[in-house]
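Student: For reference, the file input.json (JSON, C-alpha atoms) is included below:
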```
[["chain", "number", "residue", "atom", "x", "y", "z"],
["A", 1, "MET", "CA", -2.84, 24.97, -6.93],
["A", 2, "THR", "CA", -3.32, 21.23, -6.32],
["A", 3, "HIS", "CA", -1.65, 19.02, -8.88],
["A", 4, "GLU", "CA", -3.35, 15.83, -10.05],
["A", 5, "ALA", "CA", -0.27, 13.74, -9.21],
["A", 6, "LEU", "CA", -0.30, 14.92, -5.59],
["A", 7, "ARG", "CA", -4.02, 14.27, -5.29],
["A", 8, "VAL", "CA", -3.59, 10.74, -6.67],
["A", 9, "ILE", "CA", -0.61, 9.98, -4.41],
["A", 10, "ARG", "CA", -2.45, 11.20, -1.32],
["A", 11, "GLU", "CA", -5.61, 9.33, -2.28],
["A", 12, "GLU", "CA", -3.64, 6.13, -2.82],
["A", 13, "HIS", "CA", -1.87, 6.61, 0.51],
["A", 14, "SER", "CA", -5.22, 7.08, 2.21],
["A", 15, "THR", "CA", -6.64, 3.93, 0.60],
["A", 16, "LEU", "CA", -3.56, 1.95, 1.54],
["A", 17, "ALA", "CA", -3.61, 3.24, 5.13],
["A", 18, "ALA", "CA", -7.25, 2.14, 5.38],
["A", 19, "MET", "CA", -6.29, -1.28, 3.99],
["A", 20, "LEU", "CA", -3.45, -1.60, 6.52],
["A", 21, "GLN", "CA", -5.74, -0.57, 9.39],
["A", 22, "SER", "CA", -8.35, -3.08, 8.27],
["A", 23, "LEU", "CA", -5.67, -5.76, 8.00],
["A", 24, "MET", "CA", -4.58, -5.08, 11.59],
["A", 25, "GLN", "CA", -8.19, -5.05, 12.75],
["A", 26, "LEU", "CA", -8.64, -8.51, 11.23],
["A", 27, "VAL", "CA", -5.39, -9.74, 12.81],
["A", 28, "ARG", "CA", -6.52, -8.53, 16.25],
["A", 29, "ARG", "CA", -9.91, -10.19, 15.81],
["A", 30, "GLY", "CA", -8.38, -13.42, 14.52],
["A", 31, "PRO", "CA", -10.09, -16.30, 12.75],
["A", 32, "THR", "CA", -12.66, -16.73, 15.54],
["A", 33, "ALA", "CA", -15.32, -14.03, 15.91],
["A", 34, "ASP", "CA", -17.96, -14.11, 18.62],
["A", 35, "GLY", "CA", -17.00, -17.69, 19.47],
["A", 36, "VAL", "CA", -17.51, -18.88, 15.89],
["A", 37, "ASP", "CA", -14.57, -20.31, 13.93],
["A", 38, "ASP", "CA", -14.45, -18.36, 10.67],
["A", 39, "SER", "CA", -10.96, -19.48, 9.63],
["A", 40, "ALA", "CA", -11.71, -20.03, 5.96],
["A", 41, "ARG", "CA", -13.08, -16.51, 5.49],
["A", 42, "PHE", "CA", -10.38, -14.97, 7.69],
["A", 43, "PHE", "CA", -7.45, -16.45, 5.77],
["A", 44, "ASP", "CA", -9.15, -15.85, 2.43],
["A", 45, "VAL", "CA", -9.61, -12.11, 3.01],
["A", 46, "MET", "CA", -6.12, -11.78, 4.54],
["A", 47, "ARG", "CA", -4.61, -13.32, 1.39],
["A", 48, "ALA", "CA", -6.68, -11.00, -0.80],
["A", 49, "MET", "CA", -5.54, -7.93, 1.15],
["A", 50, "LEU", "CA", -1.88, -8.93, 0.95],
["A", 51, "PHE", "CA", -2.31, -9.61, -2.75],
["A", 52, "TYR", "CA", -3.74, -6.11, -3.20],
["A", 53, "ILE", "CA", -0.74, -4.60, -1.39],
["A", 54, "ASP", "CA", 1.63, -6.59, -3.59],
["A", 55, "GLU", "CA", -0.24, -6.01, -6.83],
["A", 56, "PHE", "CA", -1.13, -2.33, -6.69],
["A", 57, "PRO", "CA", 1.23, -0.24, -4.54],
["A", 58, "GLU", "CA", 4.31, -2.37, -5.14],
["A", 59, "ARG", "CA", 3.86, -2.65, -8.92],
["A", 60, "ASN", "CA", 2.07, 0.56, -9.87],
["A", 61, "HIS", "CA", 2.37, 3.30, -7.25],
["A", 62, "HIS", "CA", 5.97, 2.85, -6.08],
["A", 63, "PRO", "CA", 7.62, 2.60, -9.52],
["A", 64, "LYS", "CA", 6.12, 5.96, -10.53],
["A", 65, "GLU", "CA", 7.39, 7.56, -7.35],
["A", 66, "SER", "CA", 10.85, 6.04, -7.83],
["A", 67, "ASP", "CA", 11.15, 6.71, -11.55],
["A", 68, "LEU", "CA", 9.37, 10.04, -11.87],
["A", 69, "LEU", "CA", 8.83, 11.88, -8.60],
["A", 70, "PHE", "CA", 11.95, 11.19, -6.55],
["A", 71, "PRO", "CA", 14.51, 12.08, -9.28],
["A", 72, "ARG", "CA", 12.77, 15.42, -9.86],
["A", 73, "VAL", "CA", 12.74, 16.22, -6.15],
["A", 74, "ALA", "CA", 16.39, 15.15, -5.82],
["A", 75, "ARG", "CA", 17.32, 17.54, -8.63],
["A", 76, "VAL", "CA", 15.67, 20.59, -7.04],
["A", 77, "ALA", "CA", 16.22, 19.69, -3.35],
["A", 78, "PRO", "CA", 19.50, 17.78, -3.03],
["A", 79, "HIS", "CA", 19.36, 18.20, 0.75],
["A", 80, "ALA", "CA", 16.53, 15.62, 0.71],
["A", 81, "MET", "CA", 18.74, 12.86, -0.73],
["A", 82, "SER", "CA", 19.04, 10.94, 2.54],
["A", 83, "THR", "CA", 15.23, 10.78, 2.79],
["A", 84, "ILE", "CA", 14.92, 9.79, -0.87],
["A", 85, "ASP", "CA", 17.55, 7.08, -0.36],
["A", 86, "GLN", "CA", 15.57, 5.74, 2.60],
["A", 87, "LEU", "CA", 12.33, 5.75, 0.62],
["A", 88, "GLU", "CA", 14.04, 3.96, -2.27],
["A", 89, "ARG", "CA", 15.38, 1.29, 0.11],
["A", 90, "ASP", "CA", 11.83, 0.90, 1.42],
["A", 91, "HIS", "CA", 10.51, 0.44, -2.13],
["A", 92, "MET", "CA", 13.20, -2.14, -2.88],
["A", 93, "GLN", "CA", 12.31, -4.14, 0.26],
["A", 94, "GLY", "CA", 8.55, -3.83, -0.07],
["A", 95, "GLU", "CA", 7.78, -6.63, -2.50],
["A", 96, "ALA", "CA", 9.94, -9.16, -0.65],
["A", 97, "ARG", "CA", 8.37, -8.17, 2.67],
["A", 98, "VAL", "CA", 4.85, -8.72, 1.33],
["A", 99, "ARG", "CA", 5.85, -12.11, -0.07],
["A", 100, "ASP", "CA", 7.32, -13.03, 3.32],
["A", 101, "LEU", "CA", 4.03, -12.06, 4.93],
["A", 102, "MET", "CA", 2.11, -14.26, 2.49],
["A", 103, "HIS", "CA", 4.39, -17.16, 3.38],
["A", 104, "LEU", "CA", 3.97, -16.57, 7.13],
["A", 105, "LEU", "CA", 0.19, -16.33, 6.72],
["A", 106, "MET", "CA", 0.08, -19.63, 4.84],
["A", 107, "ALA", "CA", 2.24, -21.22, 7.54],
["A", 108, "TRP", "CA", -0.26, -20.10, 10.18],
["A", 109, "GLU", "CA", -3.20, -21.32, 8.10],
["A", 110, "LEU", "CA", -1.74, -24.68, 7.12],
["A", 111, "LEU", "CA", 0.48, -25.53, 10.09],
["A", 112, "GLY", "CA", -1.61, -24.10, 12.90],
["A", 113, "GLU", "CA", -1.52, -21.76, 15.86],
["A", 114, "GLY", "CA", 2.16, -22.40, 16.53],
["A", 115, "ARG", "CA", 2.88, -20.19, 13.50],
["A", 116, "LYS", "CA", 0.49, -17.36, 14.44],
["A", 117, "ASN", "CA", 2.91, -15.23, 16.49],
["A", 118, "ALA", "CA", 5.51, -15.05, 13.72],
["A", 119, "PHE", "CA", 2.89, -13.67, 11.33],
["A", 120, "VAL", "CA", 1.40, -11.25, 13.87],
["A", 121, "GLN", "CA", 4.82, -9.85, 14.79],
["A", 122, "GLU", "CA", 5.91, -9.42, 11.19],
["A", 123, "VAL", "CA", 2.64, -7.92, 9.94],
["A", 124, "THR", "CA", 2.72, -5.43, 12.83],
["A", 125, "ARG", "CA", 6.28, -4.41, 11.91],
["A", 126, "TYR", "CA", 5.30, -4.18, 8.25],
["A", 127, "VAL", "CA", 2.29, -1.93, 8.93],
["A", 128, "ASP", "CA", 4.41, 0.37, 11.13],
["A", 129, "PHE", "CA", 7.10, 0.43, 8.41],
["A", 130, "TYR", "CA", 4.60, 1.27, 5.69],
["A", 131, "LEU", "CA", 2.80, 4.00, 7.64],
["A", 132, "GLU", "CA", 6.16, 5.64, 8.43],
["A", 133, "HIS", "CA", 7.15, 5.37, 4.76],
["A", 134, "MET", "CA", 3.99, 7.20, 3.66],
["A", 135, "ARG", "CA", 4.43, 9.79, 6.44],
["A", 136, "LEU", "CA", 7.95, 10.60, 5.17],
["A", 137, "GLU", "CA", 6.69, 10.98, 1.62],
["A", 138, "GLU", "CA", 3.85, 13.26, 2.68],
["A", 139, "THR", "CA", 5.78, 15.42, 5.15],
["A", 140, "VAL", "CA", 9.12, 15.73, 3.32],
["A", 141, "ILE", "CA", 8.94, 14.82, -0.38],
["A", 142, "LEU", "CA", 5.52, 16.13, -1.39],
["A", 143, "PRO", "CA", 5.99, 19.58, 0.21],
["A", 144, "LEU", "CA", 9.38, 19.89, -1.54],
["A", 145, "ALA", "CA", 7.77, 18.89, -4.83],
["A", 146, "GLU", "CA", 4.99, 21.45, -4.36],
["A", 147, "LYS", "CA", 7.51, 24.18, -3.60],
["A", 148, "HIS", "CA", 10.20, 23.52, -6.20],
["A", 149, "LEU", "CA", 8.99, 21.56, -9.23],
["A", 150, "THR", "CA", 8.34, 23.30, -12.54],
["A", 151, "ASP", "CA", 5.21, 23.30, -14.66],
["A", 152, "ALA", "CA", 6.93, 20.87, -17.03],
["A", 153, "ASP", "CA", 7.67, 18.54, -14.11],
["A", 154, "TRP", "CA", 4.04, 18.69, -13.02],
["A", 155, "HIS", "CA", 2.77, 18.06, -16.53],
["A", 156, "ALA", "CA", 4.78, 14.82, -16.71],
["A", 157, "LEU", "CA", 3.85, 13.71, -13.18],
["A", 158, "ASN", "CA", 0.16, 14.55, -13.59],
["A", 159, "ALA", "CA", -0.04, 12.59, -16.85],
["A", 160, "ALA", "CA", 1.69, 9.55, -15.33],
["A", 161, "PHE", "CA", -0.27, 9.37, -12.07],
["A", 162, "ALA", "CA", -3.63, 10.12, -13.73],
["A", 163, "THR", "CA", -3.49, 6.65, -15.31],
["A", 164, "ASN", "CA", -3.27, 4.81, -11.96],
["A", 165, "GLN", "CA", -6.23, 2.50, -11.61],
["A", 166, "ASN", "CA", -6.38, 1.77, -7.90],
["A", 167, "PRO", "CA", -8.79, -1.15, -7.53],
["A", 168, "LEU", "CA", -10.11, 0.24, -4.22],
["A", 169, "SER", "CA", -10.71, 3.76, -5.50],
["A", 170, "GLY", "CA", -13.69, 5.03, -7.42],
["A", 171, "ARG", "CA", -11.66, 7.84, -8.98],
["A", 172, "ILE", "CA", -11.59, 6.35, -12.48],
["A", 173, "PRO", "CA", -13.11, 3.15, -13.83],
["A", 174, "ARG", "CA", -11.27, 0.12, -12.51],
["A", 175, "ASP", "CA", -9.35, -2.20, -14.77],
["A", 176, "PRO", "CA", -11.69, -5.18, -15.29],
["A", 177, "GLN", "CA", -8.97, -7.55, -14.08],
["A", 178, "PHE", "CA", -9.22, -5.90, -10.64],
["A", 179, "ASP", "CA", -13.02, -6.00, -10.38],
["A", 180, "ARG", "CA", -13.05, -9.47, -8.84],
["A", 181, "LEU", "CA", -10.36, -8.52, -6.29],
["A", 182, "PHE", "CA", -12.15, -5.28, -5.44],
["A", 183, "THR", "CA", -15.50, -7.01, -4.94],
["A", 184, "HIS", "CA", -13.96, -9.80, -2.90],
["A", 185, "ILE", "CA", -12.11, -7.50, -0.49],
["A", 186, "VAL", "CA", -15.03, -5.12, -0.03],
["A", 187, "ARG", "CA", -17.48, -7.96, 0.55],
["A", 188, "MET", "CA", -15.25, -9.83, 3.01],
["A", 189, "ALA", "CA", -13.11, -7.21, 4.76],
["A", 190, "PRO", "CA", -14.30, -5.24, 7.79],
["A", 191, "ALA", "CA", -14.72, -1.47, 7.70],
["A", 192, "PRO", "CA", -13.08, 0.90, 6.89],
["A", 193, "VAL", "CA", -12.12, -1.01, 3.72],
["A", 194, "GLY", "CA", -15.03, -3.37, 3.35],
["A", 195, "LEU", "CA", -18.60, -4.14, 4.25],
["A", 196, "GLY", "CA", -17.94, -7.31, 6.23],
["A", 197, "SER", "CA", -18.59, -7.56, 9.93]]
```
Please lay out the structure from this file as structure tokens.
Tutor:
Amino acid sequence: MTHEALRVIREEHSTLAAMLQSLMQLVRRGPTADGVDDSARFFDVMRAMLFYIDEFPERNHHPKESDLLFPRVARVAPHAMSTIDQLERDHMQGEARVRDLMHLLMAWELLGEGRKNAFVQEVTRYVDFYLEHMRLEETVILPLAEKHLTDADWHALNAAFATNQNPLSGRIPRDPQFDRLFTHIVRMAPAPVGLGS
């Protein structure tokens, strides 16, 4: 049986992985495409993507994992505590790392090419960090949850995760406050996240 909470977590991971891949695609392309300087659009969509990462996963997805999922898995699978501790450290660092990226991006935009490499290096490390974080959750924590959690655990988790309103998912109607962000990213970002070139 597939539980709603697991479906939502995996869907959100998939959406975030697509966002991270699109972010890296934009970074590799840079603000000049086909010999045309498109700096304004480039930095605008990069800021929007980083804002999404800060606003949705860091403030909505991660707290539910930390407060609801991880304690239940720790209770039934104490041998996974070192992995849970690592994932919790990742969650605690995540918001600060995104804010650092925003600062580095603004430095590149406002102070010029001399600041580009610092951003590129840090965003590459961040994407690798985040993909590994999601891999650990999906290969260690979620299988343990599927194997060991009770119906009561699943009832609580399903109810909590069913309310997630991921602005880049069509699963449930988006919160109106995210409509503008959703439209902006999709219109400006390259595939697989958006419709831009």
Student: Mind checking which residues fall within 12 Å of Ala118 in chain A, counting only C-alpha atoms, ignoring those fewer than 6 positions away in the same chain, and posting them as a ChimeraX atom specification?
Tutor: /A:100-108,112,124-125
Student: Residues at most 7 Å from range 133-150 of chain A, counting all atoms listed in the file, excluding those fewer than 5 positions away in the same chain, as number ranges by chain?
Tutor: A: 13, 73, 76, 87
Student: Hey, what's within 10 Å of range 50-64 of chain A if we count all atoms listed in the file and toss same-chain stuff fewer than 3 positions away? As a count of residues only, please?
Tutor: 43
Student: For a test of reading the model, state the distance in Å between CA of Gly30 in chain A and CA of Phe43 in chain A, rounded to one decimal.
Tutor: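 Taking CA of Gly30 in chain A as the start and CA of Phe43 in chain A as the end point, the length is 9.3 Å.
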Student: Can you measure CA of Thr183 in chain A to CA of Gln21 in chain A for me? One decimal in Å is fine.
Tutor: 18.5 Å
Student: Give me, please, the distance in Å between CA of Asp37 in chain A and CA of Ala17 in chain A, quoted to one decimal.
Tutor: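 Result for CA of Asp37 in chain A versus CA of Ala17 in chain A: 27.4 Å, one decimal.
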Student: For a quick check of understanding, using only C-alpha atoms, which of A:Phe42, A:Phe119, A:Met49, A:Ala156 has the smallest distance to Thr15 in chain A?
Tutor: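 Smallest distance to Thr15 in chain A is found for A:Met49.
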Student: Which residue out of A:His184, A:Arg72, A:His3, A:Arg28 has the minimum interatomic distance to Ala159 in chain A when all atoms listed in the file are used?
Tutor: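 Nearest candidate to Ala159 in chain A out of A:His184, A:Arg72, A:His3, A:Arg28: A:His3.
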Student: Under the rule that only C-alpha atoms are counted, which of A:Arg180, A:Ser66, A:Asp151, A:Arg89 is the nearest residue to Phe129 in chain A?
Tutor: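 With only C-alpha atoms as the atom set, the closest residue is A:Arg89.
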Student: Mind rebuilding range 136-161 of chain A with N, CA and C atoms and writing that out as a PDB file, keeping the file's coordinate frame?
Tutor:
```pdb
ATOM      1  N   LEU A 136       6.751   9.911   5.700  1.00  0.00           N
ATOM      2  CA  LEU A 136       7.950  10.600   5.170  1.00  0.00           C
ATOM      3  C   LEU A 136       7.670  11.203   3.799  1.00  0.00           C
ATOM      4  N   GLU A 137       7.011  10.444   2.941  1.00  0.00           N
ATOM      5  CA  GLU A 137       6.690  10.980   1.620  1.00  0.00           C
ATOM      6  C   GLU A 137       5.819  12.227   1.731  1.00  0.00           C
ATOM      7  N   GLU A 138       4.820  12.157   2.599  1.00  0.00           N
ATOM      8  CA  GLU A 138       3.850  13.260   2.680  1.00  0.00           C
ATOM      9  C   GLU A 138       4.372  14.474   3.438  1.00  0.00           C
ATOM     10  N   THR A 139       5.304  14.277   4.361  1.00  0.00           N
ATOM     11  CA  THR A 139       5.780  15.420   5.150  1.00  0.00           C
ATOM     12  C   THR A 139       7.095  16.000   4.628  1.00  0.00           C
ATOM     13  N   VAL A 140       7.832  15.232   3.836  1.00  0.00           N
ATOM     14  CA  VAL A 140       9.120  15.730   3.320  1.00  0.00           C
ATOM     15  C   VAL A 140       9.083  15.888   1.801  1.00  0.00           C
ATOM     16  N   ILE A 141       8.804  14.808   1.085  1.00  0.00           N
ATOM     17  CA  ILE A 141       8.940  14.820  -0.380  1.00  0.00           C
ATOM     18  C   ILE A 141       7.849  15.644  -1.063  1.00  0.00           C
ATOM     19  N   LEU A 142       6.600  15.412  -0.700  1.00  0.00           N
ATOM     20  CA  LEU A 142       5.520  16.130  -1.390  1.00  0.00           C
ATOM     21  C   LEU A 142       5.574  17.640  -1.167  1.00  0.00           C
ATOM     22  N   PRO A 143       5.852  18.115   0.054  1.00  0.00           N
ATOM     23  CA  PRO A 143       5.990  19.580   0.210  1.00  0.00           C
ATOM     24  C   PRO A 143       7.149  20.153  -0.614  1.00  0.00           C
ATOM     25  N   LEU A 144       8.264  19.422  -0.709  1.00  0.00           N
ATOM     26  CA  LEU A 144       9.380  19.890  -1.540  1.00  0.00           C
ATOM     27  C   LEU A 144       8.969  19.927  -3.012  1.00  0.00           C
ATOM     28  N   ALA A 145       8.240  18.919  -3.439  1.00  0.00           N
ATOM     29  CA  ALA A 145       7.770  18.890  -4.830  1.00  0.00           C
ATOM     30  C   ALA A 145       6.857  20.084  -5.096  1.00  0.00           C
ATOM     31  N   GLU A 146       5.918  20.324  -4.194  1.00  0.00           N
ATOM     32  CA  GLU A 146       4.990  21.450  -4.360  1.00  0.00           C
ATOM     33  C   GLU A 146       5.738  22.781  -4.449  1.00  0.00           C
ATOM     34  N   LYS A 147       6.779  22.906  -3.674  1.00  0.00           N
ATOM     35  CA  LYS A 147       7.510  24.180  -3.600  1.00  0.00           C
ATOM     36  C   LYS A 147       8.440  24.394  -4.787  1.00  0.00           C
ATOM     37  N   HIS A 148       9.086  23.332  -5.280  1.00  0.00           N
ATOM     38  CA  HIS A 148      10.200  23.520  -6.200  1.00  0.00           C
ATOM     39  C   HIS A 148      10.010  23.025  -7.636  1.00  0.00           C
ATOM     40  N   LEU A 149       9.076  22.116  -7.884  1.00  0.00           N
ATOM     41  CA  LEU A 149       8.990  21.560  -9.230  1.00  0.00           C
ATOM     42  C   LEU A 149       8.391  22.557 -10.214  1.00  0.00           C
ATOM     43  N   THR A 150       8.786  22.403 -11.469  1.00  0.00           N
ATOM     44  CA  THR A 150       8.340  23.300 -12.540  1.00  0.00           C
ATOM     45  C   THR A 150       7.021  22.839 -13.140  1.00  0.00           C
ATOM     46  N   ASP A 151       6.433  23.680 -13.956  1.00  0.00           N
ATOM     47  CA  ASP A 151       5.210  23.300 -14.660  1.00  0.00           C
ATOM     48  C   ASP A 151       5.451  22.085 -15.555  1.00  0.00           C
ATOM     49  N   ALA A 152       6.612  22.022 -16.187  1.00  0.00           N
ATOM     50  CA  ALA A 152       6.930  20.870 -17.030  1.00  0.00           C
ATOM     51  C   ALA A 152       7.012  19.588 -16.200  1.00  0.00           C
ATOM     52  N   ASP A 153       7.627  19.692 -15.013  1.00  0.00           N
ATOM     53  CA  ASP A 153       7.670  18.540 -14.110  1.00  0.00           C
ATOM     54  C   ASP A 153       6.245  18.080 -13.768  1.00  0.00           C
ATOM     55  N   TRP A 154       5.404  19.030 -13.413  1.00  0.00           N
ATOM     56  CA  TRP A 154       4.040  18.690 -13.020  1.00  0.00           C
ATOM     57  C   TRP A 154       3.250  18.111 -14.174  1.00  0.00           C
ATOM     58  N   HIS A 155       3.472  18.607 -15.358  1.00  0.00           N
ATOM     59  CA  HIS A 155       2.770  18.060 -16.530  1.00  0.00           C
ATOM     60  C   HIS A 155       3.090  16.574 -16.676  1.00  0.00           C
ATOM     61  N   ALA A 156       4.370  16.219 -16.574  1.00  0.00           N
ATOM     62  CA  ALA A 156       4.780  14.820 -16.710  1.00  0.00           C
ATOM     63  C   ALA A 156       4.230  13.959 -15.568  1.00  0.00           C
ATOM     64  N   LEU A 157       4.328  14.469 -14.339  1.00  0.00           N
ATOM     65  CA  LEU A 157       3.850  13.710 -13.180  1.00  0.00           C
ATOM     66  C   LEU A 157       2.325  13.549 -13.218  1.00  0.00           C
ATOM     67  N   ASN A 158       1.611  14.626 -13.539  1.00  0.00           N
ATOM     68  CA  ASN A 158       0.160  14.550 -13.590  1.00  0.00           C
ATOM     69  C   ASN A 158      -0.300  13.527 -14.631  1.00  0.00           C
ATOM     70  N   ALA A 159       0.341  13.537 -15.796  1.00  0.00           N
ATOM     71  CA  ALA A 159      -0.040  12.590 -16.850  1.00  0.00           C
ATOM     72  C   ALA A 159       0.223  11.148 -16.408  1.00  0.00           C
ATOM     73  N   ALA A 160       1.347  10.915 -15.749  1.00  0.00           N
ATOM     74  CA  ALA A 160       1.690   9.550 -15.330  1.00  0.00           C
ATOM     75  C   ALA A 160       0.762   9.040 -14.228  1.00  0.00           C
ATOM     76  N   PHE A 161       0.539   9.841 -13.198  1.00  0.00           N
ATOM     77  CA  PHE A 161      -0.270   9.370 -12.070  1.00  0.00           C
ATOM     78  C   PHE A 161      -1.762   9.346 -12.389  1.00  0.00           C
TER      79      PHE A 161
END
```
